[in-house]
Amino acid sequence: MKTNMVLTKINTGIFSLSFFALLLLTGCGESKEKSESDQNLENTEVTMQEETRENALSQKEKEEGWELLFDGESTEGWRGYNKDSFPSQGWVIEDGALKVVGSGAGEAGNGGDIIYDEEFKDFELSLEWKVSEGGNSGIFYLAEEVEGEPIYTSAPEMQILDNERHPDARLGKDGNRQAGSLYDLIPADPQNAKPAGEWNTASILVYRGTVVHNQNGENVLEYHLWTDQWEEMVKNSKFKDWENFLNAGGEDRKGFIGLQDHGDDVWFRNIKIKRL
């Protein structure tokens, strides 16, 4: 009888130890799973923070070859069109954005247009813009610097506009002066610009003469430079007498990126480019 009791106690002890070990292993497994889950969550949060940082490149963008043209803190790399330095008036950095300080006259103020001091050939440009109520501006590309001539005589322009208030939205033809359009030539379709005061995304792809405007995630137009169709379109427009515009990019088919001062408050940020 005593022997049986002793065996029972031993068996009970072994069961208890085994059960405890099982709990310990299970706990370690759960702890490990939780640890890995927590780490994955932290990695996701870090990635999201990295992706949403203003005026910075994510690791993915760096690997894809994107270059930042504005860091949100300085005007390094930028200068006035046909000038050696950045304008001392008319442009400021405000809340991490390059801002045109409007003259209130609906025309360029003391700042004038600015360009990034490097010419690009085949590329994709990406940025965000925000316009004031009734505001007007633009993004130039393949611009040439011609002494005594404004930038718009040589460069196609992606229009920036408050479509609700600025009269240009109702002028031109078929809405070709509205936001996202190839100014005064091809309307953006669909017209998906956000209201004044809200940020819009814009991208311009230029590759061997093919040009695509993208606004707020949608391709809104496509055209082809240096073709018979391009020449006909230009010759039937107000740009018909501007030889440099017809031959945008010049002999080397490359040029400057420019931001327009049209006399209204406009903000630009997250300006980046990828060479193609």
# chains A, B, ... in the order shown; residues from 1 in each chain; ligands from 1
>>> closest_atom_pairs(of="range 205-271 of chain A", to="range 166-184 of chain A", cutoff="12 Å", atoms="only C-alpha atoms", output="CSV")
residue,atom,partner,partner_atom,distance
A:Val211,CA,A:Leu182,CA,10.0
A:Val212,CA,A:Leu182,CA,9.7
A:His213,CA,A:Gly180,CA,6.8
A:Asn214,CA,A:Gly180,CA,7.4
A:Gln215,CA,A:Gly180,CA,6.1
A:Asn216,CA,A:Gly180,CA,9.4
A:Gly217,CA,A:Gly180,CA,11.6
A:Glu218,CA,A:Gly180,CA,10.3
A:Asn219,CA,A:Gly180,CA,9.5
A:Val220,CA,A:Gly180,CA,7.1
A:Leu221,CA,A:Ser181,CA,7.4
A:Glu222,CA,A:Leu182,CA,9.3
A:Tyr223,CA,A:Leu182,CA,9.3
A:His224,CA,A:Leu182,CA,11.8
A:Met233,CA,A:Asp184,CA,10.5
A:Val234,CA,A:Asp184,CA,10.0
A:Asn236,CA,A:Asp184,CA,11.0
A:Ser237,CA,A:Asp184,CA,7.9
A:Lys238,CA,A:Asp184,CA,8.3
A:Phe239,CA,A:Asp184,CA,9.2
A:Asp264,CA,A:His166,CA,10.9
>>> select_by_dssp(residues="range 53-213 of chain A", states="strand (DSSP E)", output="PyMOL selection string")
chain A and resi 66-68+78-80+91-94+97-100+114-116+123-131+136-143+157-161+200-207+210-213
>>> residues_around(residues="Glu144 in chain A", least_positions_apart="6", cutoff="8 Å", atoms="only C-alpha atoms", output="ChimeraX atom specification")
/A:151,154-155,244,248-250,255-256
>>> write_last_selection(atoms="N, CA, C and O atoms", output="PDB file, in the first residue's frame")
ATOM      1  N   ILE A 151      10.805  82.674 -69.498  1.00  0.00           N
ATOM      2  CA  ILE A 151      10.930  81.223 -69.554  1.00  0.00           C
ATOM      3  C   ILE A 151       9.854  80.571 -70.410  1.00  0.00           C
ATOM      4  O   ILE A 151      10.096  79.565 -71.082  1.00  0.00           O
ATOM      5  N   SER A 154      10.130  79.256 -74.194  1.00  0.00           N
ATOM      6  CA  SER A 154      10.890  78.064 -74.600  1.00  0.00           C
ATOM      7  C   SER A 154      10.404  76.781 -73.940  1.00  0.00           C
ATOM      8  O   SER A 154      10.799  75.689 -74.360  1.00  0.00           O
ATOM      9  N   ALA A 155       9.549  76.883 -72.909  1.00  0.00           N
ATOM     10  CA  ALA A 155       9.237  75.702 -72.105  1.00  0.00           C
ATOM     11  C   ALA A 155       7.750  75.367 -72.071  1.00  0.00           C
ATOM     12  O   ALA A 155       6.918  76.234 -71.800  1.00  0.00           O
ATOM     13  N   ASN A 244      11.783  78.747 -80.089  1.00  0.00           N
ATOM     14  CA  ASN A 244      12.352  77.964 -78.984  1.00  0.00           C
ATOM     15  C   ASN A 244      11.301  77.081 -78.317  1.00  0.00           C
ATOM     16  O   ASN A 244      11.627  76.013 -77.799  1.00  0.00           O
ATOM     17  N   ALA A 248      11.301  72.807 -78.116  1.00  0.00           N
ATOM     18  CA  ALA A 248      11.531  72.701 -76.672  1.00  0.00           C
ATOM     19  C   ALA A 248      12.672  71.734 -76.369  1.00  0.00           C
ATOM     20  O   ALA A 248      12.711  70.621 -76.888  1.00  0.00           O
ATOM     21  N   GLY A 249      13.597  72.182 -75.545  1.00  0.00           N
ATOM     22  CA  GLY A 249      14.755  71.360 -75.212  1.00  0.00           C
ATOM     23  C   GLY A 249      15.964  71.612 -76.085  1.00  0.00           C
ATOM     24  O   GLY A 249      17.065  71.132 -75.789  1.00  0.00           O
ATOM     25  N   GLY A 250      15.757  72.378 -77.177  1.00  0.00           N
ATOM     26  CA  GLY A 250      16.881  72.707 -78.051  1.00  0.00           C
ATOM     27  C   GLY A 250      17.463  71.502 -78.774  1.00  0.00           C
ATOM     28  O   GLY A 250      16.851  70.436 -78.836  1.00  0.00           O
ATOM     29  N   GLY A 255      16.609  70.389 -70.780  1.00  0.00           N
ATOM     30  CA  GLY A 255      16.427  71.747 -70.287  1.00  0.00           C
ATOM     31  C   GLY A 255      16.181  71.788 -68.796  1.00  0.00           C
ATOM     32  O   GLY A 255      16.293  70.778 -68.083  1.00  0.00           O
ATOM     33  N   PHE A 256      15.831  72.981 -68.315  1.00  0.00           N
ATOM     34  CA  PHE A 256      15.663  73.237 -66.892  1.00  0.00           C
ATOM     35  C   PHE A 256      14.229  72.982 -66.431  1.00  0.00           C
ATOM     36  O   PHE A 256      13.282  73.118 -67.202  1.00  0.00           O
TER      37      PHE A 256
END
>>> closest_atom_pairs(of="range 58-83 of chain A", to="range 105-120 of chain A", cutoff="9 Å", atoms="only C-alpha atoms", output="tab-separated table")
residue	atom	partner	partner_atom	distance
A:Leu69	CA	A:Tyr116	CA	7.6
A:Glu76	CA	A:Tyr116	CA	8.9
A:Gly77	CA	A:Asp117	CA	5.6
A:Trp78	CA	A:Tyr116	CA	4.5
A:Arg79	CA	A:Ile114	CA	5.5
A:Gly80	CA	A:Ile114	CA	4.3
A:Tyr81	CA	A:Ile114	CA	5.1
A:Asn82	CA	A:Ile114	CA	8.8
A:Lys83	CA	A:Ile114	CA	8.9
>>> closest_residue(among="A:Ile204, A:Ala193, A:Val101, A:Val146", to="Gly263 in chain A", atoms="only C-alpha atoms")
A:Val101
>>> residues_around(residues="range 88-99 of chain A", least_positions_apart="5", cutoff="8 Å", atoms="only C-alpha atoms", output="mmCIF file with N, CA, C and O atoms, in the first residue's frame")
data_model
loop_
_atom_site.group_PDB
_atom_site.id
_atom_site.type_symbol
_atom_site.label_atom_id
_atom_site.label_comp_id
_atom_site.auth_asym_id
_atom_site.auth_seq_id
_atom_site.Cartn_x
_atom_site.Cartn_y
_atom_site.Cartn_z
ATOM 1 N N GLU A 54 8.037 64.515 -45.115
ATOM 2 C CA GLU A 54 8.036 65.540 -46.152
ATOM 3 C C GLU A 54 9.462 65.844 -46.593
ATOM 4 O O GLU A 54 10.390 65.845 -45.793
ATOM 5 N N ASN A 55 9.614 66.130 -47.879
ATOM 6 C CA ASN A 55 10.897 66.552 -48.443
ATOM 7 C C ASN A 55 12.031 65.583 -48.115
ATOM 8 O O ASN A 55 13.144 65.987 -47.765
ATOM 9 N N ASP A 71 15.001 70.260 -50.007
ATOM 10 C CA ASP A 71 15.041 69.567 -48.716
ATOM 11 C C ASP A 71 14.111 70.156 -47.666
ATOM 12 O O ASP A 71 14.082 69.702 -46.523
ATOM 13 N N GLY A 72 13.350 71.190 -48.034
ATOM 14 C CA GLY A 72 12.415 71.789 -47.093
ATOM 15 C C GLY A 72 13.023 72.837 -46.184
ATOM 16 O O GLY A 72 12.308 73.482 -45.409
ATOM 17 N N GLU A 73 14.341 73.028 -46.281
ATOM 18 C CA GLU A 73 15.022 73.958 -45.369
ATOM 19 C C GLU A 73 15.875 74.993 -46.083
ATOM 20 O O GLU A 73 16.132 76.063 -45.536
ATOM 21 N N SER A 74 16.342 74.686 -47.280
ATOM 22 C CA SER A 74 17.218 75.625 -47.986
ATOM 23 C C SER A 74 16.818 75.716 -49.452
ATOM 24 O O SER A 74 16.072 74.870 -49.971
ATOM 25 N N GLY A 109 5.813 89.048 -59.304
ATOM 26 C CA GLY A 109 6.218 90.091 -58.375
ATOM 27 C C GLY A 109 7.723 90.317 -58.400
ATOM 28 O O GLY A 109 8.350 90.235 -59.466
ATOM 29 N N ASN A 110 8.293 90.534 -57.225
ATOM 30 C CA ASN A 110 9.726 90.814 -57.145
ATOM 31 C C ASN A 110 10.590 89.569 -57.312
ATOM 32 O O ASN A 110 11.782 89.668 -57.567
ATOM 33 N N GLY A 111 9.965 88.396 -57.157
ATOM 34 C CA GLY A 111 10.749 87.170 -57.208
ATOM 35 C C GLY A 111 11.041 86.696 -58.615
ATOM 36 O O GLY A 111 12.170 86.425 -58.991
ATOM 37 N N GLY A 112 10.004 86.614 -59.422
ATOM 38 C CA GLY A 112 10.167 86.068 -60.764
ATOM 39 C C GLY A 112 10.242 84.550 -60.742
ATOM 40 O O GLY A 112 10.214 83.912 -59.693
ATOM 41 N N ASP A 265 0.051 83.599 -54.176
ATOM 42 C CA ASP A 265 0.648 82.684 -53.201
ATOM 43 C C ASP A 265 0.481 81.240 -53.688
ATOM 44 O O ASP A 265 -0.641 80.770 -53.916
ATOM 45 N N VAL A 266 1.596 80.545 -53.831
ATOM 46 C CA VAL A 266 1.595 79.138 -54.226
ATOM 47 C C VAL A 266 2.718 78.443 -53.463
ATOM 48 O O VAL A 266 3.780 79.024 -53.252
ATOM 49 N N TRP A 267 2.471 77.195 -53.065
ATOM 50 C CA TRP A 267 3.443 76.437 -52.288
ATOM 51 C C TRP A 267 3.842 75.174 -53.050
ATOM 52 O O TRP A 267 3.008 74.522 -53.688
ATOM 53 N N PHE A 268 5.130 74.796 -52.927
ATOM 54 C CA PHE A 268 5.655 73.576 -53.543
ATOM 55 C C PHE A 268 6.454 72.795 -52.501
ATOM 56 O O PHE A 268 7.204 73.385 -51.723
ATOM 57 N N ARG A 269 6.317 71.478 -52.524
ATOM 58 C CA ARG A 269 7.112 70.639 -51.619
ATOM 59 C C ARG A 269 7.297 69.253 -52.246
ATOM 60 O O ARG A 269 6.715 68.945 -53.279
#
>>> select_by_dssp(residues="range 92-268 of chain A", states="alpha helix (DSSP H)", output="PyMOL selection string")
chain A and resi 228-235+243-246
>>> closest_residue(among="A:Trp129, A:Trp226, A:Tyr141, A:Phe245", to="Asn200 in chain A", atoms="only C-alpha atoms")
A:Trp129
>>> residues_around(residues="Asp122 in chain A", least_positions_apart="3", cutoff="9 Å", atoms="only C-alpha atoms", output="count of residues only")
10
>>> atom_distance(atom1="CA of Asp261 in chain A", atom2="CA of Asp162 in chain A")
14.7 Å
>>> residues_around(residues="Tyr152 in chain A", least_positions_apart="5", cutoff="9 Å", atoms="only C-alpha atoms", output="PDB file with all heavy atoms, in the first residue's frame")
ATOM      1  N   PHE A 140       7.365  74.485 -65.320  1.00  0.00           N
ATOM      2  CA  PHE A 140       7.992  74.466 -66.639  1.00  0.00           C
ATOM      3  C   PHE A 140       8.991  73.310 -66.733  1.00  0.00           C
ATOM      4  O   PHE A 140       9.591  72.923 -65.737  1.00  0.00           O
ATOM      5  CB  PHE A 140       8.732  75.784 -66.899  1.00  0.00           C
ATOM      6  CG  PHE A 140       7.839  76.992 -66.939  1.00  0.00           C
ATOM      7  CD1 PHE A 140       7.845  77.918 -65.898  1.00  0.00           C
ATOM      8  CD2 PHE A 140       7.010  77.228 -68.023  1.00  0.00           C
ATOM      9  CE1 PHE A 140       7.033  79.039 -65.930  1.00  0.00           C
ATOM     10  CE2 PHE A 140       6.193  78.353 -68.067  1.00  0.00           C
ATOM     11  CZ  PHE A 140       6.197  79.263 -67.015  1.00  0.00           C
ATOM     12  N   ALA A 143      13.130  73.821 -70.238  1.00  0.00           N
ATOM     13  CA  ALA A 143      13.314  75.254 -70.478  1.00  0.00           C
ATOM     14  C   ALA A 143      14.746  75.579 -70.881  1.00  0.00           C
ATOM     15  O   ALA A 143      15.700  74.973 -70.394  1.00  0.00           O
ATOM     16  CB  ALA A 143      12.948  76.045 -69.225  1.00  0.00           C
ATOM     17  N   GLU A 157       4.425  74.039 -70.239  1.00  0.00           N
ATOM     18  CA  GLU A 157       4.028  74.342 -68.852  1.00  0.00           C
ATOM     19  C   GLU A 157       2.860  73.465 -68.412  1.00  0.00           C
ATOM     20  O   GLU A 157       1.832  73.400 -69.091  1.00  0.00           O
ATOM     21  CB  GLU A 157       3.631  75.811 -68.736  1.00  0.00           C
ATOM     22  CG  GLU A 157       3.083  76.192 -67.364  1.00  0.00           C
ATOM     23  CD  GLU A 157       2.466  77.580 -67.352  1.00  0.00           C
ATOM     24  OE1 GLU A 157       2.654  78.340 -68.338  1.00  0.00           O
ATOM     25  OE2 GLU A 157       1.768  77.913 -66.366  1.00  0.00           O
ATOM     26  N   PHE A 245      10.044  77.534 -78.340  1.00  0.00           N
ATOM     27  CA  PHE A 245       8.972  76.718 -77.783  1.00  0.00           C
ATOM     28  C   PHE A 245       8.718  75.513 -78.685  1.00  0.00           C
ATOM     29  O   PHE A 245       8.566  74.378 -78.212  1.00  0.00           O
ATOM     30  CB  PHE A 245       7.698  77.551 -77.639  1.00  0.00           C
ATOM     31  CG  PHE A 245       6.598  76.850 -76.897  1.00  0.00           C
ATOM     32  CD1 PHE A 245       6.444  77.018 -75.526  1.00  0.00           C
ATOM     33  CD2 PHE A 245       5.706  76.010 -77.563  1.00  0.00           C
ATOM     34  CE1 PHE A 245       5.431  76.359 -74.834  1.00  0.00           C
ATOM     35  CE2 PHE A 245       4.687  75.347 -76.886  1.00  0.00           C
ATOM     36  CZ  PHE A 245       4.551  75.527 -75.518  1.00  0.00           C
TER      37      PHE A 245
END
